[in-house]
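S.K.: Next comes the structure file coords_26.tsv, holding TSV, N, CA and C atoms.
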```tsv
chain	number	residue	atom	x	y	z
A	19	MET	N	119.59	98.28	97.21
A	19	MET	CA	118.50	98.50	96.28
A	19	MET	C	118.83	99.76	95.47
A	20	THR	N	119.59	99.62	94.42
A	20	THR	CA	119.91	100.75	93.58
A	20	THR	C	118.99	100.79	92.38
A	21	ASN	N	118.91	101.94	91.77
A	21	ASN	CA	117.99	102.15	90.67
A	21	ASN	C	118.78	102.41	89.40
A	22	PRO	N	118.64	101.56	88.37
A	22	PRO	CA	119.44	101.71	87.16
A	22	PRO	C	119.16	102.99	86.38
A	23	ILE	N	118.02	103.65	86.60
A	23	ILE	CA	117.74	104.86	85.84
A	23	ILE	C	118.61	106.03	86.28
A	24	ASP	N	119.38	105.86	87.32
A	24	ASP	CA	120.20	106.95	87.85
A	24	ASP	C	121.60	106.99	87.25
A	25	ASN	N	121.86	106.23	86.21
A	25	ASN	CA	123.20	106.14	85.65
A	25	ASN	C	123.76	107.48	85.21
A	26	ASP	N	122.92	108.41	84.77
A	26	ASP	CA	123.39	109.71	84.31
A	26	ASP	C	123.47	110.74	85.43
A	27	SER	N	123.14	110.37	86.62
A	27	SER	CA	123.14	111.31	87.73
A	27	SER	C	124.56	111.55	88.24
A	28	ALA	N	124.76	112.75	88.76
A	28	ALA	CA	126.04	113.09	89.38
A	28	ALA	C	126.12	112.54	90.80
A	29	TYR	N	125.04	111.99	91.30
A	29	TYR	CA	124.96	111.52	92.68
A	29	TYR	C	124.98	109.99	92.72
A	30	ALA	N	125.44	109.46	93.84
A	30	ALA	CA	125.45	108.01	94.04
A	30	ALA	C	124.02	107.49	94.04
A	31	ALA	N	123.84	106.34	93.42
A	31	ALA	CA	122.51	105.72	93.33
A	31	ALA	C	121.92	105.46	94.71
A	32	GLU	N	122.76	105.06	95.67
A	32	GLU	CA	122.27	104.78	97.02
A	32	GLU	C	121.74	106.05	97.68
A	33	TYR	N	122.40	107.17	97.43
A	33	TYR	CA	121.95	108.46	97.97
A	33	TYR	C	120.58	108.82	97.42
A	34	LEU	N	120.43	108.71	96.10
A	34	LEU	CA	119.14	109.04	95.48
A	34	LEU	C	118.04	108.11	95.98
A	35	GLU	N	118.34	106.83	96.05
A	35	GLU	CA	117.34	105.87	96.52
A	35	GLU	C	117.00	106.13	97.98
A	36	ALA	N	117.99	106.47	98.79
A	36	ALA	CA	117.73	106.77	100.21
A	36	ALA	C	116.78	107.97	100.32
A	37	LEU	N	116.98	108.99	99.50
A	37	LEU	CA	116.08	110.15	99.54
A	37	LEU	C	114.68	109.77	99.07
A	38	ARG	N	114.58	108.94	98.06
A	38	ARG	CA	113.26	108.47	97.60
A	38	ARG	C	112.54	107.73	98.72
A	39	LEU	N	113.25	106.84	99.37
A	39	LEU	CA	112.65	106.08	100.47
A	39	LEU	C	112.24	107.00	101.61
A	40	PHE	N	113.11	107.93	101.96
A	40	PHE	CA	112.80	108.90	103.01
A	40	PHE	C	111.51	109.66	102.67
A	41	ASN	N	111.42	110.12	101.44
A	41	ASN	CA	110.27	110.92	101.02
A	41	ASN	C	108.98	110.12	100.95
A	42	ARG	N	109.08	108.82	100.98
A	42	ARG	CA	107.90	107.96	101.07
A	42	ARG	C	107.58	107.59	102.52
A	43	GLY	N	108.38	108.11	103.45
A	43	GLY	CA	108.16	107.81	104.86
A	43	GLY	C	108.77	106.49	105.30
A	44	LEU	N	109.64	105.92	104.47
A	44	LEU	CA	110.30	104.66	104.79
A	44	LEU	C	111.67	104.96	105.39
A	45	PHE	N	111.65	105.44	106.62
A	45	PHE	CA	112.85	105.96	107.25
A	45	PHE	C	113.89	104.88	107.55
A	46	PHE	N	113.44	103.73	108.02
A	46	PHE	CA	114.38	102.64	108.28
A	46	PHE	C	115.06	102.21	106.99
A	47	GLU	N	114.28	102.02	105.94
A	47	GLU	CA	114.81	101.60	104.65
A	47	GLU	C	115.76	102.64	104.07
A	48	SER	N	115.42	103.92	104.26
A	48	SER	CA	116.28	105.00	103.80
A	48	SER	C	117.63	104.93	104.50
A	49	HIS	N	117.60	104.75	105.80
A	49	HIS	CA	118.81	104.63	106.61
A	49	HIS	C	119.65	103.46	106.10
A	50	GLU	N	119.03	102.32	105.90
A	50	GLU	CA	119.75	101.12	105.47
A	50	GLU	C	120.37	101.31	104.08
A	51	GLU	N	119.64	101.92	103.18
A	51	GLU	CA	120.14	102.14	101.81
A	51	GLU	C	121.38	103.02	101.83
A	52	LEU	N	121.32	104.11	102.55
A	52	LEU	CA	122.45	105.04	102.57
A	52	LEU	C	123.64	104.46	103.35
A	53	GLU	N	123.35	103.65	104.32
A	53	GLU	CA	124.43	103.03	105.08
A	53	GLU	C	125.30	102.15	104.18
A	54	GLN	N	124.72	101.55	103.14
A	54	GLN	CA	125.50	100.73	102.21
A	54	GLN	C	126.61	101.55	101.54
A	55	LEU	N	126.33	102.81	101.28
A	55	LEU	CA	127.32	103.69	100.69
A	55	LEU	C	128.29	104.19	101.76
A	56	TRP	N	127.74	104.63	102.87
A	56	TRP	CA	128.53	105.23	103.95
A	56	TRP	C	129.63	104.30	104.45
A	57	VAL	N	129.34	103.02	104.65
A	57	VAL	CA	130.33	102.10	105.21
A	57	VAL	C	131.52	101.88	104.29
A	58	ARG	N	131.35	102.08	103.00
A	58	ARG	CA	132.43	101.86	102.03
A	58	ARG	C	133.38	103.05	101.92
A	59	LEU	N	132.99	104.19	102.45
A	59	LEU	CA	133.79	105.40	102.27
A	59	LEU	C	134.87	105.56	103.33
A	60	PRO	N	136.02	106.10	102.93
A	60	PRO	CA	137.03	106.47	103.94
A	60	PRO	C	136.56	107.72	104.66
A	61	LYS	N	137.21	108.03	105.76
A	61	LYS	CA	136.88	109.26	106.49
A	61	LYS	C	137.04	110.44	105.54
A	62	SER	N	135.96	111.20	105.40
A	62	SER	CA	135.94	112.31	104.44
A	62	SER	C	134.70	113.16	104.69
A	63	PRO	N	134.63	114.35	104.07
A	63	PRO	CA	133.40	115.14	104.17
A	63	PRO	C	132.18	114.39	103.63
A	64	ASP	N	132.35	113.60	102.56
A	64	ASP	CA	131.21	112.83	102.03
A	64	ASP	C	130.70	111.86	103.08
A	65	LYS	N	131.61	111.18	103.75
A	65	LYS	CA	131.19	110.22	104.79
A	65	LYS	C	130.44	110.94	105.90
A	66	THR	N	130.93	112.11	106.31
A	66	THR	CA	130.26	112.90	107.34
A	66	THR	C	128.86	113.31	106.87
A	67	PHE	N	128.76	113.77	105.63
A	67	PHE	CA	127.46	114.19	105.09
A	67	PHE	C	126.47	113.03	105.07
A	68	TYR	N	126.88	111.89	104.51
A	68	TYR	CA	125.97	110.75	104.44
A	68	TYR	C	125.56	110.27	105.82
A	69	GLN	N	126.50	110.32	106.77
A	69	GLN	CA	126.14	109.93	108.13
A	69	GLN	C	125.09	110.89	108.71
A	70	ALA	N	125.21	112.16	108.38
A	70	ALA	CA	124.21	113.13	108.85
A	70	ALA	C	122.83	112.81	108.29
A	71	ILE	N	122.76	112.45	107.02
A	71	ILE	CA	121.46	112.10	106.42
A	71	ILE	C	120.93	110.81	107.04
A	72	ILE	N	121.82	109.88	107.35
A	72	ILE	CA	121.41	108.66	108.07
A	72	ILE	C	120.82	109.03	109.43
A	73	HIS	N	121.45	109.97	110.12
A	73	HIS	CA	120.92	110.42	111.42
A	73	HIS	C	119.55	111.08	111.26
A	74	ILE	N	119.34	111.82	110.19
A	74	ILE	CA	118.03	112.44	109.96
A	74	ILE	C	116.98	111.35	109.77
A	75	ALA	N	117.29	110.35	108.97
A	75	ALA	CA	116.35	109.24	108.78
A	75	ALA	C	116.07	108.54	110.11
A	76	ALA	N	117.10	108.33	110.90
A	76	ALA	CA	116.92	107.68	112.21
A	76	ALA	C	116.08	108.56	113.14
A	77	ALA	N	116.30	109.86	113.07
A	77	ALA	CA	115.51	110.79	113.90
A	77	ALA	C	114.02	110.67	113.56
A	78	PHE	N	113.72	110.63	112.27
A	78	PHE	CA	112.32	110.52	111.88
A	78	PHE	C	111.75	109.14	112.18
A	79	LEU	N	112.58	108.12	112.13
A	79	LEU	CA	112.11	106.79	112.53
A	79	LEU	C	111.72	106.80	114.01
A	80	HIS	N	112.58	107.34	114.86
A	80	HIS	CA	112.24	107.43	116.29
A	80	HIS	C	110.99	108.29	116.49
A	81	ARG	N	110.91	109.38	115.76
A	81	ARG	CA	109.76	110.28	115.88
A	81	ARG	C	108.48	109.54	115.51
A	82	SER	N	108.52	108.75	114.44
A	82	SER	CA	107.33	108.01	114.00
A	82	SER	C	106.91	106.96	115.01
A	83	ARG	N	107.84	106.57	115.88
A	83	ARG	CA	107.55	105.59	116.92
A	83	ARG	C	107.32	106.26	118.28
A	84	GLU	N	107.14	107.59	118.23
A	84	GLU	CA	106.83	108.38	119.43
A	84	GLU	C	107.93	108.33	120.48
A	85	ARG	N	109.16	108.28	120.02
A	85	ARG	CA	110.32	108.29	120.92
A	85	ARG	C	111.02	109.64	120.80
A	86	ALA	N	110.54	110.59	121.58
A	86	ALA	CA	111.00	111.98	121.47
A	86	ALA	C	112.48	112.14	121.80
A	87	LYS	N	112.94	111.56	122.89
A	87	LYS	CA	114.33	111.77	123.31
A	87	LYS	C	115.33	111.25	122.28
A	88	PRO	N	115.20	109.99	121.81
A	88	PRO	CA	116.15	109.53	120.79
A	88	PRO	C	115.99	110.27	119.46
A	89	ALA	N	114.79	110.70	119.14
A	89	ALA	CA	114.58	111.47	117.91
A	89	ALA	C	115.36	112.77	117.96
A	90	LEU	N	115.24	113.48	119.07
A	90	LEU	CA	115.95	114.74	119.23
A	90	LEU	C	117.47	114.51	119.23
A	91	ALA	N	117.93	113.47	119.88
A	91	ALA	CA	119.37	113.18	119.92
A	91	ALA	C	119.91	112.90	118.52
A	92	GLN	N	119.19	112.13	117.72
A	92	GLN	CA	119.63	111.85	116.35
A	92	GLN	C	119.63	113.12	115.50
A	93	TYR	N	118.61	113.93	115.68
A	93	TYR	CA	118.56	115.20	114.92
A	93	TYR	C	119.74	116.09	115.28
A	94	LYS	N	120.07	116.16	116.56
A	94	LYS	CA	121.21	116.99	116.98
A	94	LYS	C	122.53	116.46	116.41
A	95	ARG	N	122.67	115.15	116.36
A	95	ARG	CA	123.87	114.57	115.74
A	95	ARG	C	123.95	114.97	114.26
A	96	ALA	N	122.81	114.87	113.58
A	96	ALA	CA	122.77	115.25	112.17
A	96	ALA	C	123.14	116.71	111.99
A	97	THR	N	122.57	117.56	112.82
A	97	THR	CA	122.85	119.00	112.74
A	97	THR	C	124.33	119.29	112.95
A	98	ASP	N	124.91	118.68	113.96
A	98	ASP	CA	126.33	118.88	114.25
A	98	ASP	C	127.19	118.46	113.06
A	99	LYS	N	126.87	117.33	112.47
A	99	LYS	CA	127.66	116.84	111.34
A	99	LYS	C	127.50	117.75	110.12
A	100	LEU	N	126.28	118.16	109.83
A	100	LEU	CA	126.05	119.04	108.68
A	100	LEU	C	126.75	120.38	108.86
A	101	LEU	N	126.67	120.94	110.05
A	101	LEU	CA	127.32	122.23	110.30
A	101	LEU	C	128.85	122.10	110.27
A	102	SER	N	129.37	120.94	110.62
A	102	SER	CA	130.82	120.74	110.61
A	102	SER	C	131.39	120.78	109.18
A	103	LEU	N	130.54	120.58	108.20
A	103	LEU	CA	130.99	120.64	106.81
A	103	LEU	C	131.34	122.06	106.38
A	104	GLU	N	130.78	123.04	107.09
A	104	GLU	CA	131.02	124.45	106.81
A	104	GLU	C	130.75	124.80	105.34
A	105	LYS	N	129.65	124.28	104.82
A	105	LYS	CA	129.22	124.53	103.45
A	105	LYS	C	127.76	124.96	103.45
A	106	ILE	N	127.40	125.78	102.48
A	106	ILE	CA	125.99	126.13	102.29
A	106	ILE	C	125.28	125.00	101.55
A	107	THR	N	125.94	124.48	100.53
A	107	THR	CA	125.38	123.41	99.72
A	107	THR	C	126.34	122.23	99.72
A	108	TYR	N	125.78	121.03	99.88
A	108	TYR	CA	126.60	119.83	99.83
A	108	TYR	C	125.76	118.72	99.21
A	109	GLN	N	126.35	118.00	98.26
A	109	GLN	CA	125.64	116.93	97.55
A	109	GLN	C	124.25	117.39	97.08
A	110	GLY	N	124.19	118.62	96.61
A	110	GLY	CA	122.96	119.15	96.04
A	110	GLY	C	121.96	119.71	97.03
A	111	LEU	N	122.21	119.56	98.32
A	111	LEU	CA	121.27	120.04	99.33
A	111	LEU	C	121.74	121.36	99.93
A	112	ASN	N	120.83	122.29	100.08
A	112	ASN	CA	121.11	123.54	100.77
A	112	ASN	C	120.99	123.22	102.27
A	113	ILE	N	122.13	123.22	102.95
A	113	ILE	CA	122.18	122.77	104.35
A	113	ILE	C	121.34	123.66	105.27
A	114	PRO	N	121.50	125.00	105.24
A	114	PRO	CA	120.66	125.82	106.13
A	114	PRO	C	119.16	125.63	105.85
A	115	GLU	N	118.79	125.52	104.60
A	115	GLU	CA	117.38	125.31	104.26
A	115	GLU	C	116.89	123.96	104.77
A	116	LEU	N	117.70	122.93	104.61
A	116	LEU	CA	117.32	121.60	105.11
A	116	LEU	C	117.11	121.64	106.62
A	117	LEU	N	118.02	122.26	107.34
A	117	LEU	CA	117.90	122.33	108.79
A	117	LEU	C	116.69	123.16	109.21
A	118	ASP	N	116.42	124.25	108.49
A	118	ASP	CA	115.24	125.06	108.77
A	118	ASP	C	113.96	124.26	108.57
A	119	ARG	N	113.93	123.43	107.53
A	119	ARG	CA	112.73	122.64	107.25
A	119	ARG	C	112.56	121.49	108.23
A	120	MET	N	113.64	120.98	108.77
A	120	MET	CA	113.57	119.84	109.69
A	120	MET	C	113.39	120.26	111.15
A	121	SER	N	113.85	121.46	111.51
A	121	SER	CA	113.84	121.86	112.92
A	121	SER	C	112.45	121.87	113.57
A	122	PRO	N	111.35	122.22	112.88
A	122	PRO	CA	110.04	122.19	113.56
A	122	PRO	C	109.63	120.80	114.05
A	123	TYR	N	110.21	119.78	113.46
A	123	TYR	CA	109.88	118.41	113.88
A	123	TYR	C	110.60	118.02	115.17
A	124	PHE	N	111.71	118.72	115.47
A	124	PHE	CA	112.55	118.27	116.58
A	124	PHE	C	112.81	119.30	117.67
A	125	LEU	N	113.03	120.56	117.32
A	125	LEU	CA	113.37	121.55	118.34
A	125	LEU	C	112.31	121.70	119.42
A	126	PRO	N	111.00	121.63	119.10
A	126	PRO	CA	110.01	121.70	120.18
A	126	PRO	C	110.14	120.58	121.21
A	127	LEU	N	110.79	119.48	120.82
A	127	LEU	CA	110.95	118.35	121.75
A	127	LEU	C	111.91	118.66	122.89
A	128	GLU	N	112.70	119.72	122.73
A	128	GLU	CA	113.62	120.11	123.80
A	128	GLU	C	112.87	120.53	125.06
A	129	SER	N	111.72	121.17	124.87
A	129	SER	CA	110.96	121.65	126.03
A	129	SER	C	109.68	120.86	126.28
A	130	ASN	N	109.25	120.09	125.29
A	130	ASN	CA	108.01	119.32	125.42
A	130	ASN	C	108.19	118.00	124.67
A	131	PRO	N	108.30	116.88	125.38
A	131	PRO	CA	108.58	115.60	124.72
A	131	PRO	C	107.37	114.96	124.02
A	132	VAL	N	106.37	115.75	123.69
A	132	VAL	CA	105.19	115.22	123.00
A	132	VAL	C	105.36	115.45	121.50
A	133	ILE	N	105.24	114.38	120.73
A	133	ILE	CA	105.38	114.44	119.28
A	133	ILE	C	104.15	115.12	118.68
A	134	ASP	N	104.37	116.12	117.86
A	134	ASP	CA	103.28	116.81	117.15
A	134	ASP	C	102.96	116.03	115.88
A	135	SER	N	101.88	115.29	115.91
A	135	SER	CA	101.51	114.44	114.77
A	135	SER	C	100.76	115.21	113.68
A	136	THR	N	100.57	116.52	113.86
A	136	THR	CA	99.87	117.30	112.83
A	136	THR	C	100.80	117.82	111.75
A	137	LEU	N	102.11	117.69	111.95
A	137	LEU	CA	103.05	118.16	110.94
A	137	LEU	C	103.00	117.26	109.70
A	138	ALA	N	103.16	117.86	108.55
A	138	ALA	CA	103.13	117.12	107.28
A	138	ALA	C	104.32	116.17	107.18
A	139	GLN	N	104.16	115.18	106.34
A	139	GLN	CA	105.24	114.24	106.04
A	139	GLN	C	106.48	115.02	105.57
A	140	PRO	N	107.65	114.77	106.16
A	140	PRO	CA	108.85	115.50	105.73
A	140	PRO	C	109.30	115.05	104.34
A	141	VAL	N	109.88	115.97	103.61
A	141	VAL	CA	110.41	115.68	102.27
A	141	VAL	C	111.77	116.36	102.14
A	142	ILE	N	112.71	115.66	101.55
A	142	ILE	CA	114.01	116.23	101.21
A	142	ILE	C	114.07	116.31	99.69
A	143	ASP	N	114.06	117.54	99.19
A	143	ASP	CA	114.14	117.77	97.75
A	143	ASP	C	115.59	117.85	97.31
A	144	LEU	N	115.86	117.30	96.14
A	144	LEU	CA	117.19	117.41	95.55
A	144	LEU	C	117.00	117.98	94.15
A	145	PRO	N	117.30	119.27	93.97
A	145	PRO	CA	117.06	119.91	92.68
A	145	PRO	C	117.65	119.12	91.51
A	146	GLY	N	116.82	118.94	90.49
A	146	GLY	CA	117.26	118.26	89.29
A	146	GLY	C	117.18	116.75	89.34
A	147	GLU	N	116.73	116.19	90.46
A	147	GLU	CA	116.64	114.73	90.60
A	147	GLU	C	115.22	114.34	90.98
A	148	LYS	N	114.81	113.15	90.57
A	148	LYS	CA	113.49	112.64	90.89
A	148	LYS	C	113.54	111.89	92.21
A	149	VAL	N	113.28	112.60	93.29
A	149	VAL	CA	113.32	111.98	94.60
A	149	VAL	C	112.05	112.19	95.42
A	150	THR	N	111.15	113.06	94.94
A	150	THR	CA	109.92	113.27	95.70
A	150	THR	C	108.83	112.34	95.18
A	151	PRO	N	107.93	111.89	96.04
A	151	PRO	CA	106.92	110.90	95.65
A	151	PRO	C	106.12	111.29	94.40
A	152	SER	N	105.82	112.55	94.22
A	152	SER	CA	105.03	112.95	93.06
A	152	SER	C	105.79	112.82	91.74
A	153	GLU	N	107.12	112.65	91.82
A	153	GLU	CA	107.94	112.54	90.62
A	153	GLU	C	108.24	111.10	90.22
A	154	PHE	N	107.78	110.11	90.98
A	154	PHE	CA	108.11	108.73	90.66
A	154	PHE	C	107.35	108.27	89.43
```
Translate this file's structure into structure tokens.
M.R.:
Amino acid sequence: MTNPIDNDSAYAAEYLEALRLFNRGLFFESHEELEQLWVRLPKSPDKTFYQAIIHIAAAFLHRSRERAKPALAQYKRATDKLLSLEKITYQGLNIPELLDRMSPYFLPLESNPVIDSTLAQPVIDLPGEKVTPSEF
């Protein structure tokens, strides 16, 4: 499901669409969209990055289904992959900022497997791109 309005973007259409889906809370769909790009890539930093974002979407999918242990495991996989890139910014995302914004959803699960349903819907912003729900 690619979006033709993204032709002028520096980013892959699947990546942008995956972020749009994620920001609407459609975590499974986000995962599936980005996987279409990920499977076509050779082993590379881009492949590692996209796989990390797929893991984030999977983590939130498990979290939304009240599965704390798999949610935390997916988040840790994502964190490991993002940190392995050894970059501050990758594909337009500030990695430390992204991890800081995502950690409250998962790190408490290490000591308490109860999902905190009071946290706001997660959003991944991509500067200069229309990926947040209010920008559609």
S.K.: Name all residues at most 8 Å from stretch 45-51 of chain A (count only C-alpha atoms; drop same-chain ones fewer than 5 positions away) and give them as a list in words.
M.R.: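 Skipping anything fewer than 5 positions along the chain leaves Met19, Glu32, Tyr33, Glu35, Ala36, Leu37, Arg38, Leu39, Phe40, Ile71, Ile72, His73, Ala75, Ala76, Phe78 and Leu79 of chain A.
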S.K.: Taking the backbone alone, and naming residues the way the document does, which bits of chain A are helix (DSSP H, G or I) by DSSP, as JSON, numbers by chain?
M.R.: {"A": [22, 23, 24, 31, 32, 33, 34, 35, 36, 37, 38, 39, 40, 41, 45, 46, 47, 48, 49, 50, 51, 52, 53, 54, 55, 56, 63, 64, 65, 66, 67, 68, 69, 70, 71, 72, 73, 74, 75, 76, 77, 78, 79, 80, 81, 82, 86, 87, 88, 89, 90, 91, 92, 93, 94, 95, 96, 97, 98, 99, 100, 101, 102, 113, 114, 115, 116, 117, 118, 119, 120, 121, 122, 123, 124, 125, 126, 127, 128, 151, 152, 153]}
S.K.: Quick one: everything within 6 Å of stretch 109-112 of chain A, counting all atoms listed in the file, minus sequence neighbours fewer than 3 positions away in the same chain. Send it as a PyMOL selection string.
M.R.: chain A and resi 106+115-117+144-145
S.K.: Using only N, CA and C atoms, pick whichever of A:Ile142, A:Ile74, A:Ile113, A:Leu34 has the shortest atom-to-atom distance to A:Tyr93.
M.R.: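 Counting only N, CA and C atoms, the residue closest to A:Tyr93 is A:Ile74.
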S.K.: When distances are computed from all atoms listed in the file, which of A:Ala96, A:Leu59, A:Ala86, A:Leu52 shows the smallest separation from A:Val132?
M.R.: A:Ala86
S.K.: Could you jot down the atom CA of A:Gln92 to atom CA of A:Ala77 separation for me, Å, one decimal place?
M.R.: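 Atom CA of A:Gln92 sits 4.9 Å away from atom CA of A:Ala77.
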S.K.: How many Å lie between atom CA of A:Leu100 and atom CA of A:Lys148, rounded to one decimal?
M.R.: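 Those two atoms sit 22.7 Å apart.
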S.K.: Nearest residue to A:Leu90 out of A:Leu103, A:Ala70, A:Leu127, A:Met120, using all atoms listed in the file?
M.R.: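 Nearest to A:Leu90: A:Leu127.
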S.K.: Env of A:Trp56: 6.5 Å cut, atoms = all atoms listed in the file, seq-sep filter 6 positions within chain, self excluded. Answer as a ChimeraX atom specification.
M.R.: /A:65,68-69
S.K.: Between atom CA of A:Ala138 and atom CA of A:Pro88, measure the distance and give it in Å to one decimal.
M.R.: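 Atom-to-atom, atom CA of A:Ala138 and atom CA of A:Pro88 are spaced 20.2 Å apart.
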S.K.: Axis-aligned box over every listed atom of stretch 98-112 of chain A, padded by 4 Å per side: centre and edges in Å to one decimal, as lines of an AutoDock Vina configuration file?
M.R.:
```
center_x = 126.1
center_y = 121.5
center_z = 105.1
size_x = 18.6
size_y = 17.3
size_z = 26.2
```
